[in-house]
Each structure stands twice: as structure tokens, then as C-alpha cells.
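Since the structure comes first, as C-alpha cells, the remarks are kept for the end.
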Amino acid sequence: MYAYDALDDRLVRERAAQFRGQVARRISGALSEDEFKPLRLRNGLYLQLHAYMLRVAIPYGLLNADQLRALARIARRYDRGYGHFTTRQNIQFNWIRLEDAPDILEDLAAAGMHAIQTSGNCIRNTTTDQFAGVAADEIEDPRPWAEIIRQWSTLHPEFSFLPRKFKVAISGSPNDRAAIAVHDIGLSMARAPDGGTGFRVWVGGGLGRTPMLAEAIRDFLPGEDLLSYLEAILRVYNAEGRRDNLYKSRIKILVSALGIDRFRELVEAEWALIRDSALRLNEAEISRIRAQFAPPAYEVAEARQFAARRMEDTAFARWSTANLFSHKQPGYAAVTVSLKPAGGIPGDITANQMVALADLADEYSCGEIRVTHRQNLVLAHVRQDRLYDLWRALDSLDLATPNLMRVTDIVACPGLDFCGLATARSIPVAQRLSERLAEIDERHDLGELTINISGCINSCAHHHVGHIGILGLEKAGAESYQVTLGGSSAEDASLGKIIGRGFSADEIVAAIETIILTWLEQRRDGERFLDSLRRTGPAPFREALYGQD
Amino acid sequence: MPLIDYGNGNPAIADDAWTHVADGAALPPDRPATISLERWKAERDGLSGRNLPLGVRLESHERIEEILPDLPRLALIALDFPNLNDGRHFTTARLLRERYRFGGQVRATGQVLRDQIDLMRRCGFDAFELAPGKDGASAAAAFEEISVVYQPAADTRPTAAQRRNRPPEQAVAG
């Protein structure tokens, strides 16, 4: 994985020192809160309901074991002994004191990390497929390109005060595991007829109040032109995007107002003027960065022991069916470490678990850990003949729930328990649901079925693209949960549709249970919930939930 | 209000030689003056005889493209930041320097704070009217805080990638 050189290192240290000065000026009163707010946001510091929250960047979700240990130290020393992984592949600490924040940034810098641009109206952490570099269906490893974007977007002087936040995702595979259709810019790796690497470019996707799927703006962009094309899109957006209304400021609103054809014309006209400039990537720099993502030295592993263990131990067999992803290297597998135990808080992890997992990463997976946009972790390079030992170790840490992409693998934002923007709680709903649904899944083998719960319209948990989406609102002083069905963020991306009136906090678990039991009556030979729903439409569910009215 | 002048490549607290003239007010007979874009468009022909430097002020929604043919007549473009969130003129400044090759002063006005001026400088601004009450001398230290840049911009500082991929002898010298 990418290791900072002296320049990268100097920048994050200088940035930490700069923020120390800004915090000192805030505490002395030289900076007002209004003046300080955009500065702290660009360093990942939010003011929540009970304390400051610090969101640490995990570029494209990739960590080494020592970085995970550094996060554990921060959780113990400055927080309450845990952290929360987010849908942008980052981690949040919920109980931070303002005066500690500069020390934390300095500790992060020492570990080759930062919290730059994890919030604010600027270019956020670029996300990608958690199986990048190991997936057999990949055109090319997207992570070198994500690192190139990380560097280009870091402290970009022109695009630090955009109309609104801006998110980029890259998929290396046509099977989209990076949800590129719901990003401001989505990049899908592609090959030119002559074999050269590049991207298909999408623009204007996003969730929030006005969910939209991205539209294709360019069929093929040569890799060397990546930054000039991104700069052209951002420049058009910075100049033309609305700034009069917070809810209409994302690029998706601009793209839909102009129409994709007009927007494309503007971008292409700008690009023509900057394509041949210092933004063009030179082969030496691409190679330097690519070399750091070279595959680890794989050993020759044999699969017989794995098959035998699966026969012997049904719990292991169940976990290995649910949580393994096939690796392009024979004899290896990529393991998803579930952070979704029944009744647990999705994405939460204790400092003790972080340290233990860092040790397991060193022992079993080349010292590398990945964060998924569904709030789980991945050990990407595990020998199949060692899976059984790893599983036992994970199980003893309560990190081996066999539920990847299943009904209890719930994605949830912090909601009203922490977040100042939330209109309803999401965590307790996720906890009650996962307890209840674990039993139903055990009995009926529900297969792939995703549930996403957002505590407000900002949709941090991406409820529009959950097969079942739950949106917590506030109605007349009480929490009300609106249910959408039929969303997907995969290559068959679709936005869920509201099924009907909302449910109270007391009703919501039973309502989801009714939906699932209704589906089981309709289900044909093991089909997915999403496929049944696309076949039957919403009518049976509506009738079961609301009767004939 | 404090003015930081970066025109010589070093920040200096400067006395402001310029006067910002409101629409309808008379231009001073003996000082350089700026006027609004609207006024410039209305009066530019009548101002052709004036022998003192002239500048034009743009609000954040106004486009420099409206007066490109006039740039050779102008010694200063003042770009206004009405609040901390409106970043449109970061783009305007880069276009002025990099695309339209404007050689006069590009000045930031309005809500200009210490913690934005280094980014502004990278976009081509070379004069900063700090918001009222802000200390210019301490603000100038902001230019020294971050020494590594990742992206090419109007300041033409070598980027990290350029520094990494220099021929070895230059890397030693640099």
C-alpha cells in the first residue's frame, strides 16, 4: 500500500501544526465560531450533540496494522475506547475535546494519516471497492488512481470552498462494489481499443433530499488525463453550481438543471483548454504510485484443509460461505470481518478489537486492513489453509458474525444518539432489527438482503439504495420511520420507492418483519428479495402493511 | 483596513494607494480608483481619457469574461468574497492569471481571513484586504504554514510530483 514519502509526511505535519494555531486562536477568541467552523470542518471536526466528533480519513479504505493500532490508541486516550466506521470508509470518534484535536492530528500524522477534508464543502475522501487488487473481475487496480486523486484534491486551492461537499468513487471492475452511481463523480475503469487504461466517467449522482443516479458524461477518458478532466468538471461546478439554497447545491442539481448534454459541453470546452497542461500525469509518477500497490508475495497454498474443515464444522462452513470473497490468487481468500453482531451498533469497534485485529492482520493478511462502505472490515490476503484458525480468533473477538450482505448486515448512521442534524435515532432501530432478523434469517436463509437506516434526510446511511431503506423523520415531536423498497447501489443501481405512510419507533421492527414474511410467501427458489420485488412490484407488501385501504 | 501586498513575492503590510469609488460618486482627481463592473460597462468609453490607474470590482456572481477585451486598460481587478463559503472567485483568479494572462493586481476583498489567503495566493491573488479588525502582521505568517503543494496552480510552485520526478542533480540542488 502507499507509504508517505518525505513530502507527504511534511504536509500532514504542517497541516496539524496549522490547525494547532487555529484552535489556539479560537480558544483565545481571535477567531469567532463562525470563522472557525469551516476550518475545523476541513480538519474533520464536527460539533455534535454531546461533544466534538473527529472523522479521520482512511483514503480509499486502506489501513496498515500500525495505523489501526494508532487509531486504537486515539480511541483509548482521547475517546471512550471505541470508534465508528462510516459509509465513506472513514472512522469517527464521538467524544473528542476541542483542545485535544491538535494532538490527535499530530498522532495521526506520525502514523501517516490525517483528517483533511473529511467534512466541509470540499472534495472528500475518494472511495473504492474493498476488494481492489484482489478481485478476479477487475480491469485494473483502482487504488493507485484513488491515491493520485487524494493528492490532487488535498488542499486544492481552487476547490476548497465549493457550493457543497463533493464525493468521488472509483470501481476497478464492471461489477460495481463502490456504488459509483450515487457519487458526484463516478469512475469506472475501462480499456481503450489500443489497450491503454482509462475511465468511463459518470457525474451527478447522489442521495440526500433529492436522490439521483449519475449520468454518463464520457465513455472513455485516458488515464493520463484524469486530473485535467476532474478539474474541468469541478471548475464548471464551482462557477455554475447554486449557492442560494443548501439543498440545491450539489452537482446533481446543476447537471439535471442544465441537462447532461449541456453540462457535458461546458466540461468538454473547459477541458479542451486545460488538457495539455501540468495536470497531465506523467508516466514516472503513475509508475511510482502504482509500484506501491504491487501485490504482496503470495505463497503456494493448498485448499484441501479448508474443504475438510468446512465438512467438520458447520459454524465455520456457514461463516466461510457468507463472509469470503474469492481471490484472484489460487489458494487465497478475502475475508470480511463483520462489525454487525446481532444487537450491536453497526460499524462500531472497540480499541481492544482494533489492536487484536491489527495483530491478526499481521499474522494472516500481510499487515493490511480495509474498510468497506458498508461499515465492515476486510482482511484481503488470507491463505485458505489458515482460514479456520483465523475464524476461531475472530470468533473469540465477536468479529465473526456470518452475515455479509445479509439482512443483519445493517448500515446505519449515528443518528439522534450523536448527530446534531439527525431527526430520529437509527442505532436502536438497527439493534432491535438485527436481533429480530437474525432469528428469521436463521430459520429461512434469506440470502442477500440489505437494510440501510438513515436518521435524517441527509442519507448518510444511503437508505435509498438499501434493498429495504429506513429513513427516520420527526413528525409532531415523535420519531417516524419511512420505508423504501427496491434500492440497490450495485451495477444494477436503483433508488428505493416509498411504500406508504411511516411507522413509529414501536412499529418499525414489526413492519420490516411483515415485509420479509410477505416476501417469503412470494419467493421463488431461493431468489433474492430484490429480484422478487422487481418481479411482483410493491402491491403485496403494501397490502400486508396497510390492508386494502 | 489592513492590506497585505504580495506583489513582490514577499508579503508586506502596505498603505493602500487605491480608492474604491461607489457608484454615482466622483472619481478622485489624484488617486488610482476602482469602480464596479456595472459602472465600468456603462462608463468605459468616457473614462478613456483618464490618466490614473483604474480597477474594476467584481461581486462573487459576476464573470470576468464580460470585460476580457478591457483587461489591458485595467491595473487592478478586485474580487469580492461576500462570506466564508462563496469560493467562485478562486476560479476567477486562476482564469485571470493562467488563461487571460492578466498582469495587474488581483485583490481579494470582503470576508478575507488569514486562513484563506494562502489558498488565494496559490490561485493568483497578490493583494489581500483583510476583513475589518483583523491583524495584518500576524496574518502574513499564514503564507509560511504549508510548504508542500500537490497541484499546479497560478503560483507555479513545483508540485510534489514535479519535485519527486526531477532529474537527480536538480533534486540535490533544490
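Chains: A, B, ... in order of the C-alpha cells. Residues: from 1 per chain. Ligands: from 1, in order shown.
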Any chance you could tabulate, as a tab-separated table, the residues of chain A at most 8 Å from chain B with each one's nearest atom pair and distance in Å to one decimal, using only C-alpha atoms, in chain and rising number order?
```
residue	atom	partner	partner_atom	distance
A:Leu7	CA	B:Val148	CA	6.5
A:Asp8	CA	B:Val148	CA	7.8
A:Arg10	CA	B:Val148	CA	7.3
A:Leu11	CA	B:Val148	CA	5.7
A:Glu14	CA	B:Ile146	CA	5.8
A:Arg15	CA	B:Ile146	CA	6.7
A:Gln18	CA	B:Glu145	CA	6.2
A:Glu35	CA	B:Leu84	CA	7.5
A:Pro38	CA	B:Leu84	CA	7.8
A:Leu39	CA	B:Asp115	CA	7.8
A:Gln151	CA	B:Tyr150	CA	5.8
A:Trp152	CA	B:Gln151	CA	5.4
A:Ser153	CA	B:Gln151	CA	7.9
A:Thr154	CA	B:Tyr150	CA	7.1
A:Leu155	CA	B:Val149	CA	7.9
A:His156	CA	B:Gln151	CA	6.8
A:Pro157	CA	B:Leu119	CA	4.6
A:Glu158	CA	B:Phe90	CA	5.1
A:Phe159	CA	B:Gly87	CA	7.4
A:Ser160	CA	B:Gly87	CA	7.4
A:Phe161	CA	B:Gly87	CA	4.6
A:Leu162	CA	B:Gly87	CA	5.9
A:Pro163	CA	B:Asp86	CA	7.1
A:Arg235	CA	B:Thr91	CA	6.9
A:Asn238	CA	B:Arg88	CA	5.9
A:Ala239	CA	B:Arg88	CA	5.4
A:Arg243	CA	B:Asp86	CA	7.5
A:Ala278	CA	B:Pro152	CA	6.4
A:Leu279	CA	B:Pro152	CA	6.7
A:Ala284	CA	B:Asn165	CA	6.9
A:Glu285	CA	B:Ala161	CA	6.5
```
Sel. of alpha helix (DSSP H) residues, stretch 68-97 of chain B, as an MDAnalysis selection string = chainID B and resid 88:94
Hey, can you spit out that residue selection with N, CA, C and O atoms as a compact mmCIF listing (two decimals), in the first residue's frame?
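Final output, saved to part_2.txt:
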```txt
# COMPACT_ATOMS: atom_id res chain seq x y z
N ARG B 88 -16.37 31.15 -5.58
CA ARG B 88 -16.34 31.29 -7.04
C ARG B 88 -15.12 32.05 -7.54
O ARG B 88 -14.56 31.73 -8.59
N HIS B 89 -14.70 33.06 -6.76
CA HIS B 89 -13.59 33.87 -7.28
C HIS B 89 -12.22 33.21 -7.16
O HIS B 89 -11.24 33.74 -7.69
N PHE B 90 -12.15 32.06 -6.48
CA PHE B 90 -10.90 31.29 -6.57
C PHE B 90 -10.68 30.88 -8.03
O PHE B 90 -9.57 30.92 -8.54
N THR B 91 -11.78 30.50 -8.67
CA THR B 91 -11.70 30.16 -10.10
C THR B 91 -11.41 31.39 -10.95
O THR B 91 -10.55 31.37 -11.84
N THR B 92 -12.11 32.50 -10.66
CA THR B 92 -11.89 33.72 -11.44
C THR B 92 -10.42 34.14 -11.43
O THR B 92 -9.85 34.50 -12.47
N ALA B 93 -9.81 34.05 -10.24
CA ALA B 93 -8.41 34.50 -10.14
C ALA B 93 -7.49 33.62 -10.98
O ALA B 93 -6.60 34.11 -11.68
N ARG B 94 -7.72 32.30 -10.91
CA ARG B 94 -6.87 31.42 -11.73
C ARG B 94 -7.03 31.72 -13.22
O ARG B 94 -6.05 31.73 -13.97
```
Between B:Phe81, B:Trp40, B:Phe128, B:Tyr100, which is the closest to B:Asp16 once you count only C-alpha atoms?
->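 Ranked by minimum distance to B:Asp16, first place goes to B:Phe128.
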Show which residues sit within 9 Å of A:Pro295, as a short mmCIF file (atom, residue, chain, number, x, y, z; two decimals) with all heavy atoms, in the first residue's frame. Count only C-alpha atoms, and ignore same-chain residues fewer than 6 positions away.
```cif
data_model
loop_
_atom_site.label_atom_id
_atom_site.label_comp_id
_atom_site.auth_asym_id
_atom_site.auth_seq_id
_atom_site.Cartn_x
_atom_site.Cartn_y
_atom_site.Cartn_z
N MET A 1 0.84 -1.20 0.00
CA MET A 1 0.00 0.00 0.00
C MET A 1 0.87 1.25 0.00
O MET A 1 2.06 1.17 0.24
CB MET A 1 -0.95 0.00 1.20
CG MET A 1 -0.26 -0.04 2.55
SD MET A 1 -1.47 -0.10 3.89
CE MET A 1 -1.94 1.60 4.00
N GLY A 133 -7.63 -4.85 -6.19
CA GLY A 133 -6.33 -5.51 -6.21
C GLY A 133 -6.39 -7.01 -5.97
O GLY A 133 -5.41 -7.70 -6.23
N VAL A 134 -7.52 -7.51 -5.46
CA VAL A 134 -7.62 -8.96 -5.29
C VAL A 134 -8.77 -9.57 -6.09
O VAL A 134 -8.84 -10.79 -6.25
CB VAL A 134 -7.78 -9.38 -3.80
CG1 VAL A 134 -6.68 -8.78 -2.95
CG2 VAL A 134 -9.14 -9.00 -3.25
#
```
Atom CA of A:Asp219 and atom CA of A:Ile148, how far apart in Å?
->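 Interatomic distance, atom CA of A:Ile148 to atom CA of A:Asp219: 20.7 Å.
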Might you pull out every residue within 7 Å of B:Gly55, with only C-alpha atoms counted and same-chain residues fewer than 2 positions away left off, and present them as a ChimeraX atom specification?
-> /B:33-35,53,57,74-77
Would you mind exporting C-alpha atoms of the selected residues as a CSV table (one decimal), in the first residue's frame?
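Output file out-v2.csv follows:
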```
chain,number,residue,atom,x,y,z
B,33,ALA,CA,-9.6,54.2,-8.3
B,34,THR,CA,-11.8,51.1,-8.6
B,35,ILE,CA,-15.4,51.1,-9.8
B,53,PRO,CA,-4.7,53.7,-13.0
B,57,ARG,CA,-14.6,45.3,-8.7
B,74,LEU,CA,-7.0,47.8,-16.1
B,75,ALA,CA,-4.4,47.8,-13.4
B,76,LEU,CA,-6.4,46.0,-10.8
B,77,ILE,CA,-9.2,43.5,-10.5
```
Might you pull out every residue within 6 Å of stretch 346-360 of chain A, with only C-alpha atoms counted and same-chain residues fewer than 6 positions away left off, and present them as a ChimeraX atom specification?
-> /A:65,69,72,81-85,339-340,375
